[in-house]
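Structure file entry.csv (CSV, C-alpha atoms and all ligand atoms) is printed below.
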chain,number,residue,atom,x,y,z
A,1,MET,CA,16.2,-39.3,-8.2
A,2,SER,CA,13.0,-41.4,-8.6
A,3,ARG,CA,10.6,-40.0,-11.1
A,4,ASN,CA,7.8,-40.4,-8.5
A,5,ASP,CA,9.5,-38.5,-5.7
A,6,THR,CA,7.8,-35.1,-5.8
A,7,ASP,CA,9.9,-33.8,-2.8
A,8,ALA,CA,13.0,-34.4,-4.8
A,9,TRP,CA,11.6,-32.7,-7.9
A,10,VAL,CA,10.6,-29.7,-5.9
A,11,GLU,CA,13.9,-29.5,-4.2
A,12,ARG,CA,15.8,-29.8,-7.4
A,13,LEU,CA,13.7,-27.4,-9.5
A,14,VAL,CA,12.4,-24.7,-7.3
A,15,ARG,CA,14.9,-21.9,-6.7
A,16,ALA,CA,16.6,-22.3,-3.3
A,17,ASP,CA,15.8,-18.7,-2.3
A,18,VAL,CA,12.1,-19.4,-3.1
A,19,ARG,CA,12.1,-22.6,-1.0
A,20,ALA,CA,13.7,-20.6,1.9
A,21,THR,CA,11.0,-17.9,1.7
A,22,ALA,CA,7.9,-18.0,3.9
A,23,ALA,CA,4.6,-17.3,2.1
A,24,TYR,CA,3.1,-13.9,2.8
A,25,HIS,CA,1.2,-14.4,6.0
A,26,VAL,CA,-2.3,-13.0,6.5
A,27,ALA,CA,-3.6,-13.4,10.1
A,28,ASP,CA,-6.9,-15.3,10.5
A,29,ALA,CA,-9.5,-12.7,11.6
A,30,ALA,CA,-12.5,-15.0,11.8
A,31,GLY,CA,-14.8,-13.8,14.6
A,32,LEU,CA,-12.6,-10.9,15.5
A,33,VAL,CA,-12.9,-7.1,15.1
A,34,LYS,CA,-10.5,-6.8,12.1
A,35,LEU,CA,-8.3,-3.7,12.6
A,36,ASP,CA,-5.0,-5.1,11.2
A,37,ALA,CA,-5.0,-4.3,7.5
A,38,MET,CA,-6.1,-0.7,6.9
A,39,GLU,CA,-9.4,-1.7,5.3
A,40,ASN,CA,-12.4,0.6,5.2
A,41,PRO,CA,-14.8,-1.1,7.7
A,42,TYR,CA,-18.0,0.1,6.0
A,43,PRO,CA,-19.9,-2.0,3.4
A,44,LEU,CA,-20.9,-0.4,0.2
A,45,PRO,CA,-24.1,1.7,0.5
A,46,PRO,CA,-27.3,-0.2,-0.7
A,47,ALA,CA,-27.7,2.0,-3.8
A,48,VAL,CA,-24.2,1.0,-4.9
A,49,ARG,CA,-24.8,-2.7,-4.3
A,50,GLU,CA,-28.0,-2.6,-6.4
A,51,GLY,CA,-26.1,-0.8,-9.2
A,52,LEU,CA,-23.4,-3.5,-9.0
A,53,VAL,CA,-25.8,-6.3,-9.3
A,54,ARG,CA,-27.5,-4.8,-12.4
A,55,ARG,CA,-24.3,-4.0,-14.2
A,56,LEU,CA,-22.4,-7.2,-13.3
A,57,GLY,CA,-25.4,-9.3,-14.3
A,58,SER,CA,-25.0,-8.2,-17.9
A,59,ALA,CA,-21.2,-8.5,-18.1
A,60,GLU,CA,-20.0,-10.4,-21.2
A,61,LEU,CA,-17.8,-13.0,-19.4
A,62,ASN,CA,-17.4,-15.1,-22.6
A,63,ARG,CA,-15.2,-12.3,-24.0
A,64,TYR,CA,-11.8,-11.2,-22.8
A,65,PRO,CA,-11.9,-7.8,-20.9
A,66,ASP,CA,-11.0,-4.5,-22.6
A,67,PRO,CA,-7.2,-4.8,-22.3
A,68,GLN,CA,-6.9,-1.0,-21.8
A,69,ALA,CA,-9.9,-0.7,-19.5
A,70,ARG,CA,-10.7,2.5,-21.3
A,71,ALA,CA,-14.1,3.3,-19.6
A,72,LEU,CA,-12.6,2.7,-16.2
A,73,THR,CA,-9.5,4.7,-16.9
A,74,ALA,CA,-11.6,7.6,-18.0
A,75,ARG,CA,-13.7,7.3,-14.9
A,76,LEU,CA,-10.6,7.3,-12.7
A,77,ARG,CA,-9.2,10.3,-14.5
A,78,GLN,CA,-12.4,12.2,-13.9
A,79,THR,CA,-12.9,11.1,-10.3
A,80,PHE,CA,-9.3,11.9,-9.2
A,81,GLY,CA,-8.8,14.9,-11.4
A,82,ILE,CA,-5.8,13.5,-13.2
A,83,ASP,CA,-4.1,15.9,-15.5
A,84,PRO,CA,-4.7,15.1,-19.2
A,85,ARG,CA,-0.9,15.2,-19.7
A,86,TRP,CA,-0.5,12.0,-17.7
A,87,GLN,CA,-1.1,8.5,-18.8
A,88,ILE,CA,-2.6,5.9,-16.4
A,89,LEU,CA,-1.5,2.2,-15.9
A,90,LEU,CA,-3.8,-0.1,-13.9
A,91,GLY,CA,-2.7,-3.0,-11.8
A,92,ASN,CA,-4.2,-5.8,-9.9
A,93,GLY,CA,-3.6,-3.8,-6.7
A,94,SER,CA,-0.6,-1.5,-6.3
A,95,ASP,CA,1.3,-4.7,-5.5
A,96,GLU,CA,1.2,-5.7,-9.2
A,97,ILE,CA,2.4,-2.2,-10.2
A,98,ILE,CA,5.3,-2.4,-7.8
A,99,GLN,CA,6.2,-5.7,-9.5
A,100,ILE,CA,6.0,-4.2,-13.0
A,101,LEU,CA,8.2,-1.3,-11.9
A,102,ILE,CA,10.9,-3.4,-10.4
A,103,ALA,CA,10.9,-5.9,-13.2
A,104,ALA,CA,11.2,-3.1,-15.8
A,105,LEU,CA,13.8,-1.0,-14.1
A,106,ALA,CA,16.0,-2.8,-11.6
A,107,THR,CA,19.0,-4.9,-12.6
A,108,PRO,CA,21.3,-7.2,-10.6
A,109,GLY,CA,23.7,-4.2,-10.2
A,110,HIS,CA,21.2,-1.4,-9.7
A,111,GLY,CA,18.3,-2.3,-7.5
A,112,VAL,CA,15.6,-0.7,-5.3
A,113,LEU,CA,15.9,1.8,-2.5
A,114,ALA,CA,13.3,2.7,0.1
A,115,PRO,CA,13.3,4.1,3.6
A,116,ALA,CA,12.7,1.7,6.5
A,117,PRO,CA,10.3,0.9,8.0
A,118,SER,CA,8.0,1.2,5.0
A,119,PHE,CA,5.6,-1.0,3.0
A,120,VAL,CA,7.0,-4.6,3.0
A,121,MET,CA,6.2,-5.4,-0.6
A,122,PHE,CA,8.9,-3.1,-1.9
A,123,ARG,CA,11.5,-5.5,-0.3
A,124,LEU,CA,9.6,-8.7,-0.9
A,125,ILE,CA,9.1,-8.1,-4.6
A,126,ALA,CA,12.7,-7.0,-5.1
A,127,GLN,CA,13.8,-10.3,-3.4
A,128,TRP,CA,11.5,-12.4,-5.6
A,129,LEU,CA,12.8,-10.7,-8.7
A,130,ARG,CA,16.4,-11.2,-7.5
A,131,VAL,CA,17.5,-7.6,-7.5
A,132,PRO,CA,19.2,-5.8,-4.6
A,133,PHE,CA,17.1,-4.0,-2.1
A,134,HIS,CA,18.6,-1.3,0.0
A,135,GLU,CA,16.9,0.4,2.9
A,136,VAL,CA,17.8,3.5,4.9
A,137,ALA,CA,16.4,3.9,8.4
A,138,LEU,CA,14.0,6.8,9.0
A,139,THR,CA,15.0,9.2,11.8
A,140,PRO,CA,13.5,8.3,15.3
A,141,ASP,CA,10.6,10.7,14.5
A,142,PHE,CA,10.0,8.9,11.2
A,143,ALA,CA,11.3,11.6,8.9
A,144,LEU,CA,13.4,10.8,5.9
A,145,ASP,CA,17.1,10.8,6.8
A,146,VAL,CA,18.1,12.9,3.7
A,147,PRO,CA,21.9,12.7,4.2
A,148,ALA,CA,21.7,9.0,4.6
A,149,MET,CA,19.4,8.5,1.6
A,150,LEU,CA,21.7,10.7,-0.5
A,151,GLU,CA,24.6,8.6,0.5
A,152,ALA,CA,22.7,5.4,-0.4
A,153,LEU,CA,21.8,6.9,-3.8
A,154,ARG,CA,25.5,7.5,-4.4
A,155,THR,CA,26.7,4.2,-3.1
A,156,HIS,CA,24.0,1.8,-4.5
A,157,ARG,CA,22.9,3.8,-7.6
A,158,PRO,CA,19.4,2.2,-7.5
A,159,ARG,CA,17.0,2.3,-10.5
A,160,VAL,CA,13.8,2.7,-8.4
A,161,VAL,CA,13.1,4.5,-5.2
A,162,PHE,CA,9.8,4.0,-3.4
A,163,LEU,CA,8.5,6.7,-1.1
A,164,ALA,CA,5.2,6.0,0.5
A,165,CYS,CA,3.4,9.3,1.4
A,166,PRO,CA,1.8,8.8,3.9
A,167,ASN,CA,4.2,6.1,4.9
A,168,ASN,CA,3.0,2.7,6.2
A,169,PRO,CA,3.4,1.9,9.1
A,170,THR,CA,4.4,5.3,10.5
A,171,GLY,CA,1.4,7.2,9.1
A,172,ASN,CA,3.3,10.5,8.3
A,173,LEU,CA,3.9,12.5,5.2
A,174,PHE,CA,7.5,13.2,4.3
A,175,ALA,CA,8.5,16.8,4.1
A,176,PRO,CA,8.3,18.2,0.5
A,177,GLU,CA,11.8,19.6,0.7
A,178,ALA,CA,13.1,16.1,1.6
A,179,LEU,CA,11.2,14.6,-1.4
A,180,CYS,CA,12.6,17.2,-3.7
A,181,ALA,CA,16.2,16.8,-2.5
A,182,LEU,CA,16.0,13.0,-3.2
A,183,ILE,CA,14.3,13.3,-6.5
A,184,GLU,CA,16.9,15.9,-7.7
A,185,ALA,CA,19.8,13.8,-6.6
A,186,ALA,CA,18.5,10.4,-7.8
A,187,GLU,CA,19.5,8.8,-11.0
A,188,ALA,CA,16.5,6.7,-10.5
A,189,LEU,CA,12.8,6.7,-11.0
A,190,VAL,CA,11.1,7.9,-7.8
A,191,VAL,CA,7.7,6.4,-7.2
A,192,ILE,CA,5.5,8.3,-4.8
A,193,ASP,CA,3.1,5.8,-3.3
A,194,GLU,CA,-0.1,7.5,-2.2
A,195,ALA,CA,-2.0,4.5,-1.0
A,196,TYR,CA,-3.3,6.5,2.0
A,197,LEU,CA,-4.2,9.7,0.1
A,198,PRO,CA,-7.9,9.5,1.0
A,199,PHE,CA,-6.9,10.3,4.6
A,200,ALA,CA,-4.1,12.7,4.0
A,201,SER,CA,-4.0,16.5,4.0
A,202,ARG,CA,-2.2,16.8,0.7
A,203,ASP,CA,-1.0,14.9,-2.4
A,204,GLN,CA,2.2,15.1,-4.3
A,205,ALA,CA,1.0,15.0,-7.9
A,206,ASP,CA,2.5,18.4,-8.6
A,207,LEU,CA,5.9,16.7,-8.5
A,208,LEU,CA,5.1,15.1,-11.9
A,209,ALA,CA,5.2,18.4,-13.7
A,210,ARG,CA,8.4,19.5,-12.0
A,211,TYR,CA,10.5,16.4,-12.4
A,212,PRO,CA,11.0,13.9,-15.3
A,213,ASN,CA,11.9,11.0,-12.9
A,214,VAL,CA,8.7,10.8,-10.8
A,215,LEU,CA,5.6,8.7,-11.1
A,216,VAL,CA,2.6,8.6,-8.7
A,217,MET,CA,0.9,5.4,-7.5
A,218,ARG,CA,-2.5,5.1,-5.9
A,219,THR,CA,-5.0,2.4,-5.0
A,220,LEU,CA,-8.7,2.0,-4.4
A,221,SER,CA,-8.0,-0.4,-1.6
A,222,LYS,CA,-8.0,2.0,1.3
A,223,LEU,CA,-11.0,3.9,-0.1
A,224,GLY,CA,-13.3,0.9,0.5
A,225,LEU,CA,-12.5,-1.5,-2.4
A,226,ALA,CA,-9.7,-3.7,-1.0
A,227,GLY,CA,-11.5,-6.7,-2.3
A,228,LEU,CA,-11.5,-5.4,-5.8
A,229,ARG,CA,-7.7,-5.2,-6.2
A,230,LEU,CA,-7.2,-2.0,-8.3
A,231,GLY,CA,-4.1,0.1,-8.2
A,232,MET,CA,-3.0,2.9,-10.6
A,233,LEU,CA,0.2,4.5,-11.6
A,234,PHE,CA,0.3,7.8,-13.5
A,235,GLY,CA,2.7,10.2,-15.1
A,236,ASP,CA,4.5,10.9,-18.3
A,237,PRO,CA,3.2,8.7,-21.2
A,238,ARG,CA,6.8,7.8,-22.1
A,239,TRP,CA,7.3,6.0,-18.8
A,240,ILE,CA,3.9,4.4,-18.9
A,241,ALA,CA,4.4,3.1,-22.4
A,242,GLU,CA,7.5,1.2,-21.4
A,243,LEU,CA,6.0,-0.2,-18.2
A,244,ASP,CA,2.9,-1.2,-20.0
A,245,LYS,CA,4.9,-3.7,-22.0
A,246,LEU,CA,5.3,-5.8,-18.8
A,247,ARG,CA,1.7,-5.6,-17.8
A,248,LEU,CA,0.0,-9.0,-18.3
A,249,PRO,CA,-2.6,-8.7,-21.0
A,250,TYR,CA,-6.1,-8.4,-19.4
A,251,ASN,CA,-4.8,-8.0,-15.9
A,252,ILE,CA,-7.9,-6.2,-14.8
A,253,GLY,CA,-10.9,-8.6,-15.3
A,254,THR,CA,-14.2,-7.5,-16.8
A,255,LEU,CA,-16.0,-7.8,-13.4
A,256,ASN,CA,-13.4,-5.7,-11.7
A,257,GLN,CA,-13.5,-3.0,-14.4
A,258,LEU,CA,-17.3,-2.8,-14.3
A,259,ALA,CA,-17.5,-2.9,-10.5
A,260,ALA,CA,-14.9,-0.2,-10.1
A,261,GLU,CA,-16.8,2.0,-12.6
A,262,VAL,CA,-20.1,1.5,-10.8
A,263,VAL,CA,-18.6,2.3,-7.4
A,264,LEU,CA,-16.8,5.3,-8.6
A,265,GLU,CA,-20.1,6.7,-9.9
A,266,HIS,CA,-20.9,6.9,-6.2
A,267,TYR,CA,-17.5,8.4,-5.1
A,268,PRO,CA,-19.1,11.0,-2.8
A,269,ALA,CA,-20.6,8.1,-0.7
A,270,LEU,CA,-17.1,6.7,-0.3
A,271,ARG,CA,-15.8,10.1,0.7
A,272,GLU,CA,-18.5,10.3,3.4
A,273,GLN,CA,-17.1,7.1,4.9
A,274,THR,CA,-13.6,8.4,4.7
A,275,ALA,CA,-14.7,11.6,6.5
A,276,ILE,CA,-16.0,9.5,9.4
A,277,LEU,CA,-12.8,7.5,9.6
A,278,ILE,CA,-10.7,10.8,9.7
A,279,ALA,CA,-12.9,12.0,12.5
A,280,GLU,CA,-12.6,8.7,14.3
A,281,ARG,CA,-8.8,8.9,13.8
A,282,GLY,CA,-8.9,12.2,15.7
A,283,ARG,CA,-11.0,10.7,18.5
A,284,LEU,CA,-8.6,7.7,18.8
A,285,PHE,CA,-5.6,9.9,18.7
A,286,ALA,CA,-6.9,12.0,21.6
A,287,ALA,CA,-7.9,8.9,23.7
A,288,LEU,CA,-4.6,7.2,23.1
A,289,GLY,CA,-2.6,10.4,23.6
A,290,ALA,CA,-4.1,10.7,27.1
A,291,ASP,CA,-2.9,7.2,28.1
A,292,PRO,CA,0.5,7.5,29.9
A,293,ARG,CA,1.2,3.8,29.3
A,294,LEU,CA,1.8,4.5,25.6
A,295,VAL,CA,3.1,6.9,22.9
A,296,VAL,CA,0.9,7.6,19.8
A,297,TRP,CA,2.1,9.4,16.7
A,298,PRO,CA,0.0,11.8,14.6
A,299,SER,CA,-1.2,10.1,11.4
A,300,GLU,CA,-2.3,11.2,7.9
A,301,ALA,CA,-3.6,7.6,7.2
A,302,ASN,CA,-6.4,5.3,8.4
A,303,PHE,CA,-4.3,3.8,11.1
A,304,LEU,CA,-2.4,4.9,14.2
A,305,LEU,CA,1.0,3.7,15.3
A,306,ILE,CA,1.5,3.3,19.0
A,307,ARG,CA,4.4,2.3,21.2
A,308,LEU,CA,3.8,0.6,24.5
A,309,ARG,CA,6.1,2.1,27.1
A,310,SER,CA,6.8,-1.0,29.2
A,311,ALA,CA,4.6,-4.0,28.6
A,312,GLY,CA,5.6,-6.5,25.9
A,313,ALA,CA,3.8,-5.6,22.6
A,314,ARG,CA,3.4,-9.2,21.6
A,315,ALA,CA,1.7,-10.2,24.8
A,316,ILE,CA,-0.6,-7.1,24.6
A,317,HIS,CA,-1.4,-8.0,21.0
A,318,GLU,CA,-2.3,-11.5,22.0
A,319,ARG,CA,-4.4,-10.4,24.9
A,320,MET,CA,-6.3,-8.0,22.6
A,321,ARG,CA,-6.9,-10.9,20.2
A,322,GLU,CA,-8.3,-13.0,23.2
A,323,ARG,CA,-10.6,-10.1,23.8
A,324,GLY,CA,-11.8,-10.3,20.2
A,325,VAL,CA,-9.8,-7.5,18.5
A,326,LEU,CA,-7.1,-8.1,15.9
A,327,VAL,CA,-4.5,-5.3,15.4
A,328,LYS,CA,-1.0,-5.6,13.9
A,329,CYS,CA,2.0,-6.2,16.0
A,330,LEU,CA,5.1,-4.6,14.5
A,331,ASP,CA,7.5,-5.4,17.4
A,332,GLY,CA,10.5,-7.1,15.9
A,333,SER,CA,10.0,-6.1,12.3
A,334,HIS,CA,12.4,-3.1,12.5
A,335,PRO,CA,14.4,-1.6,15.4
A,336,LEU,CA,12.4,1.7,15.1
A,337,LEU,CA,9.2,-0.3,15.7
A,338,ALA,CA,10.2,-1.9,19.0
A,339,GLY,CA,7.1,-2.2,21.2
A,340,CYS,CA,4.8,-0.9,18.5
A,341,LEU,CA,1.3,-1.9,17.4
A,342,ARG,CA,-0.5,-0.5,14.4
A,343,LEU,CA,-4.2,0.1,14.9
A,344,THR,CA,-6.4,0.5,11.8
A,345,VAL,CA,-9.2,3.0,12.3
A,346,GLY,CA,-12.6,1.2,12.2
A,347,THR,CA,-16.2,2.2,12.8
A,348,PRO,CA,-16.9,4.1,16.0
A,349,GLY,CA,-18.2,0.9,17.7
A,350,GLU,CA,-15.1,-1.1,16.6
A,351,ASN,CA,-12.8,1.7,17.8
A,352,THR,CA,-14.4,1.8,21.2
A,353,ARG,CA,-14.1,-2.0,21.5
A,354,MET,CA,-10.4,-1.7,20.4
A,355,LEU,CA,-9.7,1.0,23.1
A,356,GLN,CA,-11.4,-1.2,25.7
A,357,ALA,CA,-9.5,-4.3,24.7
A,358,LEU,CA,-6.2,-2.4,24.7
A,359,ASP,CA,-7.0,-0.9,28.1
A,360,ALA,CA,-7.8,-4.3,29.6
A,361,ALA,CA,-4.8,-5.9,28.0
A,362,LEU,CA,-2.5,-3.2,29.4
A,363,ALA,CA,-4.1,-3.7,32.8
A,364,GLY,CA,-3.0,-7.3,32.6
B,1,LIG,C1,2.1,2.1,1.2
B,1,LIG,C2,1.3,1.0,0.6
B,1,LIG,N1,1.3,0.9,-0.7
B,1,LIG,C3,0.5,0.0,-1.4
B,1,LIG,C4,-0.2,-0.9,-0.7
B,1,LIG,C5,-1.0,-2.0,-1.4
B,1,LIG,O1,-2.1,-1.6,-2.0
B,1,LIG,P1,-3.0,-2.6,-2.9
B,1,LIG,O2,-4.0,-3.1,-2.0
B,1,LIG,O3,-3.5,-1.7,-4.0
B,1,LIG,O4,-2.1,-3.6,-3.5
B,1,LIG,C6,-0.3,-0.8,0.7
B,1,LIG,C7,-1.1,-1.8,1.5
B,1,LIG,O5,-1.2,-1.9,2.6
B,1,LIG,C8,0.5,0.1,1.4
B,1,LIG,O6,0.5,0.2,2.7
Show how you would write the structure in this file as structure tokens.
Ligand SMILES: Cc1ncc(COP(=O)(O)O)c(C=O)c1O
Amino acid sequence: MSRNDTDAWVERLVRADVRATAAYHVADAAGLVKLDAMENPYPLPPAVREGLVRRLGSAELNRYPDPQARALTARLRQTFGIDPRWQILLGNGSDEIIQILIAALATPGHGVLAPAPSFVMFRLIAQWLRVPFHEVALTPDFALDVPAMLEALRTHRPRVVFLACPNNPTGNLFAPEALCALIEAAEALVVIDEAYLPFASRDQADLLARYPNVLVMRTLSKLGLAGLRLGMLFGDPRWIAELDKLRLPYNIGTLNQLAAEVVLEHYPALREQTAILIAERGRLFAALGADPRLVVWPSEANFLLIRLRSAGARAIHERMRERGVLVKCLDGSHPLLAGCLRLTVGTPGENTRMLQALDAALAG
């Protein structure tokens, strides 16, 4: 091997499984109505922006951030009413927390279990960390298949189980009895991922007091701060103390800590935006439900899953893009998602444009 041949060096030194992996793909949304990634479509209110400029302007960027992000953690605890018994761990998005959890718990013999379809990062991060990932298909109406999950728990003996409530991309909450049955049977830590809680009718934090093997994960992303990257995990301090050992020091930068604190001081303004999105979800659900060319499922999140009855989903997705609207095509990603598109709820104007684009695309 020549010492100048970079291709040869890369091929020799980068793990074969990494070389075979495609990078996480984010669709280019330039110039399009962006309804593919469950973002809040509203900018921060002017008063919040002014507060941000003031506070960020005086940040001490020559110093490392507070490694424990104490002020922000206190603000999160207060804003979300987190019980004083529980400790909070912060991550650079929930994604980083998923990585910490899998790195701390899973082994080559005892990996990760999740229902399918669900959030793709559970599988991708398990793959990157080279631990087994097991998935169990949801039922055709997207409920947990409890007997099959119990069987998978017995067979694979995973160390971590991820249950997204509401689930992405199906939008539903799992039945409390199903969650309890799995938690009680699992010799694993069960992580309840509540990324879409701002749009849901109930949370599952009460499970923390009932079971020693549960932690709850949330994020500010869907609330209107996707650009900030701030996720949180909370539960018994004994779990959090162990997981905290794998958190990179200073993982939440000074600007992020300050910005999140400022924005959370204005939490009611974010809730007003969420309320509009929930109302819009209802409007979209009614409009889509009246269309005989498709099926739409009820959602407790800020998106709706639809199945096109006949037309090819990929072609419809492309035609919608040509009409200036970007949604997510899920066809081909899991058998239960054949013919499916996921539509993020946007502003009233964006939603109307999306409905028009879908209608025109279906009309050919
Ligand atoms: C179920 C679920 N959990 C977690 C996340 C990621 O959240 P974050 O932006 O905090 O990394 C997503 C993002 O789409 C999600 O759908």
Work out how far apart atom CA of A:Asp359 and atom CA of A:Ile278 are and give it in Å to one decimal.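 If I compute the distance from atom CA of A:Asp359 to atom CA of A:Ile278, I get 22.1 Å.
Pairwise distance (atom CA of A:Arg247, atom CA of A:Phe234) equals 14.1 Å.
For the atom pair formed by atom CA of A:Ile97 and atom CA of A:Lys222, the distance is 16.1 Å, given to one decimal.
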Which residue of A:Ile102, A:Val345, A:Leu336, A:Leu223 approaches A:Thr139 most closely, using all atoms listed in the file: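 So, comparing all the options, the nearest one is A:Leu336.
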For A:Met217, work out the shell of residues within 12 Å, counting all atoms listed in the file and skipping chain neighbours fewer than 3 positions away, then give it as a CSV table (one decimal) with C-alpha atoms, in the frame of the given file.
chain,number,residue,atom,x,y,z
A,82,ILE,CA,-5.8,13.5,-13.2
A,87,GLN,CA,-1.1,8.5,-18.8
A,88,ILE,CA,-2.6,5.9,-16.4
A,89,LEU,CA,-1.5,2.2,-15.9
A,90,LEU,CA,-3.8,-0.1,-13.9
A,91,GLY,CA,-2.7,-3.0,-11.8
A,93,GLY,CA,-3.6,-3.8,-6.7
A,94,SER,CA,-0.6,-1.5,-6.3
A,95,ASP,CA,1.3,-4.7,-5.5
A,96,GLU,CA,1.2,-5.7,-9.2
A,97,ILE,CA,2.4,-2.2,-10.2
A,98,ILE,CA,5.3,-2.4,-7.8
A,101,LEU,CA,8.2,-1.3,-11.9
A,162,PHE,CA,9.8,4.0,-3.4
A,163,LEU,CA,8.5,6.7,-1.1
A,164,ALA,CA,5.2,6.0,0.5
A,165,CYS,CA,3.4,9.3,1.4
A,166,PRO,CA,1.8,8.8,3.9
A,190,VAL,CA,11.1,7.9,-7.8
A,191,VAL,CA,7.7,6.4,-7.2
A,192,ILE,CA,5.5,8.3,-4.8
A,193,ASP,CA,3.1,5.8,-3.3
A,194,GLU,CA,-0.1,7.5,-2.2
A,195,ALA,CA,-2.0,4.5,-1.0
A,196,TYR,CA,-3.3,6.5,2.0
A,197,LEU,CA,-4.2,9.7,0.1
A,203,ASP,CA,-1.0,14.9,-2.4
A,204,GLN,CA,2.2,15.1,-4.3
A,205,ALA,CA,1.0,15.0,-7.9
A,208,LEU,CA,5.1,15.1,-11.9
A,214,VAL,CA,8.7,10.8,-10.8
A,220,LEU,CA,-8.7,2.0,-4.4
A,230,LEU,CA,-7.2,-2.0,-8.3
A,231,GLY,CA,-4.1,0.1,-8.2
A,232,MET,CA,-3.0,2.9,-10.6
A,233,LEU,CA,0.2,4.5,-11.6
A,234,PHE,CA,0.3,7.8,-13.5
A,235,GLY,CA,2.7,10.2,-15.1
A,240,ILE,CA,3.9,4.4,-18.9
Would you mind telling me which residue in A:Leu308, A:Val325, A:Leu362, A:Ala200 lies nearest to A:Gly31 when using only C-alpha atoms?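 Among A:Leu308, A:Val325, A:Leu362, A:Ala200, it is A:Val325 that comes nearest to A:Gly31.
Distances here use only C-alpha atoms; by that measure, the residue among A:Leu228, A:Leu248, A:Val262, A:Ile276 closest to A:Leu76 is A:Val262.
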